[in-house]
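Enquirer: Please find input29.pdb (PDB, C-alpha atoms) on the next line:
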ATOM      1  CA  MET A 164      57.947 -39.838 -12.038  1.00  0.00           C
ATOM      2  CA  VAL A 165      55.164 -41.193 -14.241  1.00  0.00           C
ATOM      3  CA  LYS A 166      55.541 -40.569 -17.953  1.00  0.00           C
ATOM      4  CA  LEU A 167      52.373 -39.480 -19.738  1.00  0.00           C
ATOM      5  CA  ALA A 168      53.586 -39.900 -23.306  1.00  0.00           C
ATOM      6  CA  PHE A 169      51.623 -41.608 -26.063  1.00  0.00           C
ATOM      7  CA  PRO A 170      54.217 -43.501 -28.148  1.00  0.00           C
ATOM      8  CA  ARG A 171      53.514 -45.996 -30.927  1.00  0.00           C
ATOM      9  CA  GLU A 172      53.810 -48.897 -28.463  1.00  0.00           C
ATOM     10  CA  LEU A 173      50.515 -47.793 -26.872  1.00  0.00           C
ATOM     11  CA  ARG A 174      48.548 -47.965 -30.132  1.00  0.00           C
ATOM     12  CA  LEU A 175      46.915 -50.789 -32.043  1.00  0.00           C
ATOM     13  CA  LEU A 176      48.332 -50.266 -35.514  1.00  0.00           C
ATOM     14  CA  THR A 177      47.682 -53.330 -37.653  1.00  0.00           C
ATOM     15  CA  PRO A 178      44.553 -55.304 -38.563  1.00  0.00           C
ATOM     16  CA  LYS A 179      46.123 -58.255 -36.741  1.00  0.00           C
ATOM     17  CA  HIS A 180      46.114 -56.257 -33.476  1.00  0.00           C
ATOM     18  CA  PHE A 181      42.464 -55.246 -33.954  1.00  0.00           C
ATOM     19  CA  ASN A 182      41.400 -58.801 -34.864  1.00  0.00           C
ATOM     20  CA  PHE A 183      43.018 -60.089 -31.673  1.00  0.00           C
ATOM     21  CA  VAL A 184      40.630 -57.891 -29.647  1.00  0.00           C
ATOM     22  CA  PHE A 185      37.582 -58.690 -31.792  1.00  0.00           C
ATOM     23  CA  GLN A 186      37.995 -62.474 -31.277  1.00  0.00           C
ATOM     24  CA  GLN A 187      37.164 -62.688 -27.542  1.00  0.00           C
ATOM     25  CA  PRO A 188      36.438 -59.210 -26.178  1.00  0.00           C
ATOM     26  CA  GLN A 189      35.202 -58.031 -22.829  1.00  0.00           C
ATOM     27  CA  ARG A 190      32.606 -55.332 -23.473  1.00  0.00           C
ATOM     28  CA  ALA A 191      31.812 -52.123 -21.657  1.00  0.00           C
ATOM     29  CA  SER A 192      29.033 -50.152 -23.347  1.00  0.00           C
ATOM     30  CA  SER A 193      26.998 -46.993 -23.165  1.00  0.00           C
ATOM     31  CA  PRO A 194      24.364 -45.921 -25.706  1.00  0.00           C
ATOM     32  CA  GLU A 195      26.991 -43.936 -27.659  1.00  0.00           C
ATOM     33  CA  VAL A 196      30.303 -45.745 -27.068  1.00  0.00           C
ATOM     34  CA  THR A 197      31.511 -49.333 -26.692  1.00  0.00           C
ATOM     35  CA  ILE A 198      34.981 -50.235 -25.512  1.00  0.00           C
ATOM     36  CA  LEU A 199      36.154 -53.762 -26.276  1.00  0.00           C
ATOM     37  CA  GLY A 200      39.089 -55.071 -24.284  1.00  0.00           C
ATOM     38  CA  ARG A 201      41.230 -58.169 -24.213  1.00  0.00           C
ATOM     39  CA  GLN A 202      44.177 -59.066 -21.975  1.00  0.00           C
ATOM     40  CA  ASN A 203      47.585 -58.795 -23.618  1.00  0.00           C
ATOM     41  CA  GLU A 204      50.989 -60.129 -22.611  1.00  0.00           C
ATOM     42  CA  LEU A 205      52.813 -56.814 -22.982  1.00  0.00           C
ATOM     43  CA  GLY A 206      52.377 -55.469 -19.472  1.00  0.00           C
ATOM     44  CA  HIS A 207      50.844 -52.174 -20.641  1.00  0.00           C
ATOM     45  CA  PRO A 208      47.550 -51.110 -22.245  1.00  0.00           C
ATOM     46  CA  ARG A 209      47.112 -50.218 -25.917  1.00  0.00           C
ATOM     47  CA  ILE A 210      44.274 -48.454 -27.699  1.00  0.00           C
ATOM     48  CA  GLY A 211      42.748 -48.544 -31.166  1.00  0.00           C
ATOM     49  CA  LEU A 212      39.994 -46.261 -32.427  1.00  0.00           C
ATOM     50  CA  THR A 213      37.297 -47.064 -34.978  1.00  0.00           C
ATOM     51  CA  ILE A 214      35.027 -44.167 -35.776  1.00  0.00           C
ATOM     52  CA  ALA A 215      32.958 -44.839 -38.875  1.00  0.00           C
ATOM     53  CA  LYS A 216      31.964 -42.065 -41.232  1.00  0.00           C
ATOM     54  CA  LYS A 217      28.545 -43.713 -41.253  1.00  0.00           C
ATOM     55  CA  ASN A 218      28.071 -42.876 -37.551  1.00  0.00           C
ATOM     56  CA  VAL A 219      29.864 -39.508 -37.355  1.00  0.00           C
ATOM     57  CA  LYS A 220      29.513 -37.662 -40.648  1.00  0.00           C
ATOM     58  CA  ARG A 221      31.829 -34.682 -40.227  1.00  0.00           C
ATOM     59  CA  ALA A 222      35.593 -35.118 -40.123  1.00  0.00           C
ATOM     60  CA  HIS A 223      36.095 -32.462 -37.458  1.00  0.00           C
ATOM     61  CA  GLU A 224      33.679 -34.342 -35.166  1.00  0.00           C
ATOM     62  CA  ARG A 225      35.499 -37.657 -35.745  1.00  0.00           C
ATOM     63  CA  ASN A 226      38.801 -35.928 -35.035  1.00  0.00           C
ATOM     64  CA  ARG A 227      37.428 -34.358 -31.835  1.00  0.00           C
ATOM     65  CA  ILE A 228      36.237 -37.760 -30.582  1.00  0.00           C
ATOM     66  CA  LYS A 229      39.591 -39.377 -31.397  1.00  0.00           C
ATOM     67  CA  ARG A 230      41.500 -36.538 -29.744  1.00  0.00           C
ATOM     68  CA  LEU A 231      39.446 -36.776 -26.528  1.00  0.00           C
ATOM     69  CA  ALA A 232      39.717 -40.581 -26.400  1.00  0.00           C
ATOM     70  CA  ARG A 233      43.491 -40.533 -26.931  1.00  0.00           C
ATOM     71  CA  GLU A 234      43.943 -37.785 -24.334  1.00  0.00           C
ATOM     72  CA  TYR A 235      41.897 -39.635 -21.708  1.00  0.00           C
ATOM     73  CA  PHE A 236      43.855 -42.805 -22.430  1.00  0.00           C
ATOM     74  CA  ARG A 237      47.201 -40.957 -22.249  1.00  0.00           C
ATOM     75  CA  LEU A 238      46.403 -39.398 -18.873  1.00  0.00           C
ATOM     76  CA  HIS A 239      45.030 -42.608 -17.323  1.00  0.00           C
ATOM     77  CA  GLN A 240      47.235 -45.269 -18.959  1.00  0.00           C
ATOM     78  CA  HIS A 241      48.957 -46.158 -15.693  1.00  0.00           C
ATOM     79  CA  GLU A 242      45.626 -46.931 -13.994  1.00  0.00           C
ATOM     80  CA  LEU A 243      44.429 -49.246 -16.780  1.00  0.00           C
ATOM     81  CA  PRO A 244      45.041 -53.018 -16.816  1.00  0.00           C
ATOM     82  CA  PRO A 245      47.405 -54.507 -19.436  1.00  0.00           C
ATOM     83  CA  MET A 246      44.767 -54.910 -22.130  1.00  0.00           C
ATOM     84  CA  ASP A 247      44.250 -54.026 -25.752  1.00  0.00           C
ATOM     85  CA  PHE A 248      41.252 -51.700 -26.130  1.00  0.00           C
ATOM     86  CA  VAL A 249      39.198 -50.868 -29.223  1.00  0.00           C
ATOM     87  CA  LEU A 250      36.847 -47.912 -29.009  1.00  0.00           C
ATOM     88  CA  LEU A 251      33.717 -48.164 -31.174  1.00  0.00           C
ATOM     89  CA  VAL A 252      31.220 -45.313 -31.499  1.00  0.00           C
ATOM     90  CA  ARG A 253      27.559 -45.272 -32.455  1.00  0.00           C
ATOM     91  CA  ARG A 254      25.280 -42.604 -33.786  1.00  0.00           C
ATOM     92  CA  GLY A 255      24.615 -39.858 -31.297  1.00  0.00           C
ATOM     93  CA  VAL A 256      28.162 -39.588 -29.995  1.00  0.00           C
ATOM     94  CA  ALA A 257      28.666 -36.335 -31.925  1.00  0.00           C
ATOM     95  CA  GLU A 258      25.885 -34.712 -29.865  1.00  0.00           C
ATOM     96  CA  LEU A 259      27.895 -35.186 -26.656  1.00  0.00           C
ATOM     97  CA  ASP A 260      30.025 -32.230 -25.625  1.00  0.00           C
ATOM     98  CA  ASN A 261      33.644 -32.743 -24.547  1.00  0.00           C
ATOM     99  CA  HIS A 262      32.834 -33.019 -20.836  1.00  0.00           C
ATOM    100  CA  GLN A 263      30.051 -35.569 -21.355  1.00  0.00           C
ATOM    101  CA  LEU A 264      32.191 -37.681 -23.688  1.00  0.00           C
ATOM    102  CA  THR A 265      35.085 -37.654 -21.198  1.00  0.00           C
ATOM    103  CA  GLU A 266      32.720 -38.790 -18.419  1.00  0.00           C
ATOM    104  CA  VAL A 267      31.376 -41.642 -20.579  1.00  0.00           C
ATOM    105  CA  LEU A 268      34.904 -42.797 -21.454  1.00  0.00           C
ATOM    106  CA  GLY A 269      35.958 -42.663 -17.803  1.00  0.00           C
ATOM    107  CA  LYS A 270      32.966 -44.732 -16.732  1.00  0.00           C
ATOM    108  CA  LEU A 271      33.612 -47.378 -19.388  1.00  0.00           C
ATOM    109  CA  TRP A 272      37.332 -47.663 -18.618  1.00  0.00           C
ATOM    110  CA  ARG A 273      36.615 -47.953 -14.877  1.00  0.00           C
ATOM    111  CA  ARG A 274      34.249 -50.827 -15.736  1.00  0.00           C
ATOM    112  CA  HIS A 275      37.081 -52.524 -17.662  1.00  0.00           C
ATOM    113  CA  CYS A 276      39.366 -52.099 -14.642  1.00  0.00           C
ATOM    114  CA  ARG A 277      36.782 -53.849 -12.446  1.00  0.00           C
ATOM    115  CA  LEU A 278      36.306 -56.648 -15.016  1.00  0.00           C
ATOM    116  CA  ALA A 279      40.072 -57.173 -15.217  1.00  0.00           C
ATOM    117  CA  GLN A 280      40.369 -57.461 -11.417  1.00  0.00           C
ATOM    118  CA  LYS A 281      37.645 -60.140 -11.324  1.00  0.00           C
ATOM    119  CA  SER A 282      39.319 -62.345 -13.935  1.00  0.00           C
TER
END
How would this structure read if it were set down as structure tokens?

Expert:
Amino acid sequence: MVKLAFPRELRLLTPKHFNFVFQQPQRASSPEVTILGRQNELGHPRIGLTIAKKNVKRAHERNRIKRLAREYFRLHQHELPPMDFVLLVRRGVAELDNHQLTEVLGKLWRRHCRLAQKS
């Protein structure tokens, strides 16, 4: 039975964790979202979210984006390679509805899976 929990071990929590990804990232981008990824030695994926107030003004919109990203990650964590991911958003992401945002995230994470298989 596959567990679909989202414990602390699956999150990037400290600036040190984020800086590790920012040093040598693999990028998967769309006009609204970029996902940076870097291989880790833990054997499971982790995620960190950076959603700037500058790009998404309203708190409820930032929270919606974070909630959808975490939920997609939680449901698909066993399909993802053992990498640390940082999700960055740009202006215009707030105009996407939930279904569109989920499709964009799925496309970007599938691209990371293909990149991880090549390397």

Enquirer: So which residues are close to (52.1, -46.3, -19.8), meaning at most 8 Å away in the file's coordinates with only C-alpha atoms counted, and can you show them as a PDB file with C-alpha atoms, keeping the file's coordinate frame?

Expert:
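Below is the file that was written, selection-v5.pdb:
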ATOM      1  CA  LYS A 166      55.541 -40.569 -17.953  1.00  0.00           C
ATOM      2  CA  LEU A 167      52.373 -39.480 -19.738  1.00  0.00           C
ATOM      3  CA  ALA A 168      53.586 -39.900 -23.306  1.00  0.00           C
ATOM      4  CA  PHE A 169      51.623 -41.608 -26.063  1.00  0.00           C
ATOM      5  CA  LEU A 173      50.515 -47.793 -26.872  1.00  0.00           C
ATOM      6  CA  HIS A 207      50.844 -52.174 -20.641  1.00  0.00           C
ATOM      7  CA  PRO A 208      47.550 -51.110 -22.245  1.00  0.00           C
ATOM      8  CA  ARG A 237      47.201 -40.957 -22.249  1.00  0.00           C
ATOM      9  CA  GLN A 240      47.235 -45.269 -18.959  1.00  0.00           C
ATOM     10  CA  HIS A 241      48.957 -46.158 -15.693  1.00  0.00           C
TER      11      HIS A 241
END

Enquirer: Please enumerate the residues selected by the PyMOL selection byres ((chain A and resi 232) around 9) when evaluated against the supplied file, formatted as JSON, numbers by chain.

Expert: {"A": [212, 227, 228, 229, 230, 231, 233, 234, 235, 236, 237, 250, 264, 265, 268]}

Enquirer: Which is closer to Glu266 in chain A than all the others in A:Pro188, A:Pro178, A:Val196, A:Leu243, using only C-alpha atoms?

Expert: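 Between A:Pro188, A:Pro178, A:Val196, A:Leu243, the residue approaching Glu266 in chain A most closely is A:Val196.
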
Enquirer: Can you work out the spacing between CA of Gly255 in chain A and CA of Ser192 in chain A in Å, to one decimal?

Expert: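 So the two atoms, CA of Gly255 in chain A and CA of Ser192 in chain A, lie 13.7 Å apart.
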
Enquirer: Take CA of Leu238 in chain A and CA of Gln186 in chain A and report the distance between them in Å, one decimal.

Expert: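 It comes out at 27.5 Å.
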
Enquirer: Residues within 8 Å of (45.2, -49.8, -25.4), file coordinates, counting all atoms listed in the file: what are they? Give the list as a list in words.

Expert: Leu173, Arg174, Leu175, His207, Pro208, Arg209, Ile210, Gly211, Phe236, Pro245, Met246, Asp247, Phe248 and Val249 of chain A

Enquirer: How far is it from CA of Pro244 in chain A to CA of Leu271 in chain A, in Å with one decimal?

Expert: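 Value for the CA of Pro244 in chain A-CA of Leu271 in chain A distance: 13.0 Å.
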
Enquirer: Starting from the shown file, work through the PyMOL selection byres ((chain A and resi 220) around 12) and note down what comes out as a list in words.

Expert: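 When the PyMOL selection byres ((chain A and resi 220) around 12) is applied to the shown file, the picked residues are Ile214, Ala215, Lys216, Lys217, Asn218, Val219, Arg221, Ala222, His223, Glu224, Arg225, Asn226, Arg253, Arg254, Gly255, Val256, Ala257 and Glu258 of chain A.
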
Enquirer: Pick out the closest residue to Glu172 in chain A from this set: A:Leu278, A:Glu195, A:His239, A:Leu205. Count only C-alpha atoms.

Expert: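 Nearest candidate to Glu172 in chain A out of A:Leu278, A:Glu195, A:His239, A:Leu205: A:Leu205.
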
Enquirer: Counting all atoms listed in the file, which of A:Arg277, A:Thr213, A:Phe183, A:Leu176 gets nearest to Arg201 in chain A?

Expert: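 The shortest atom-to-atom distance to Arg201 in chain A comes from A:Phe183.
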
Enquirer: Quick one: residues within 8 Å of Arg190 in chain A, all atoms listed in the file, excluding same-chain residues fewer than 2 positions away - as a list in words?

Expert: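 My reading of the contact set: Pro188, Ser192, Thr197, Ile198, Leu199, Gly200 and His275 of chain A.
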
Enquirer: Which residue gives the smallest distance to Phe181 in chain A among A:Leu251, A:Gln263, A:Pro194, A:Gly206, with all atoms listed in the file counted?

Expert: A:Leu251
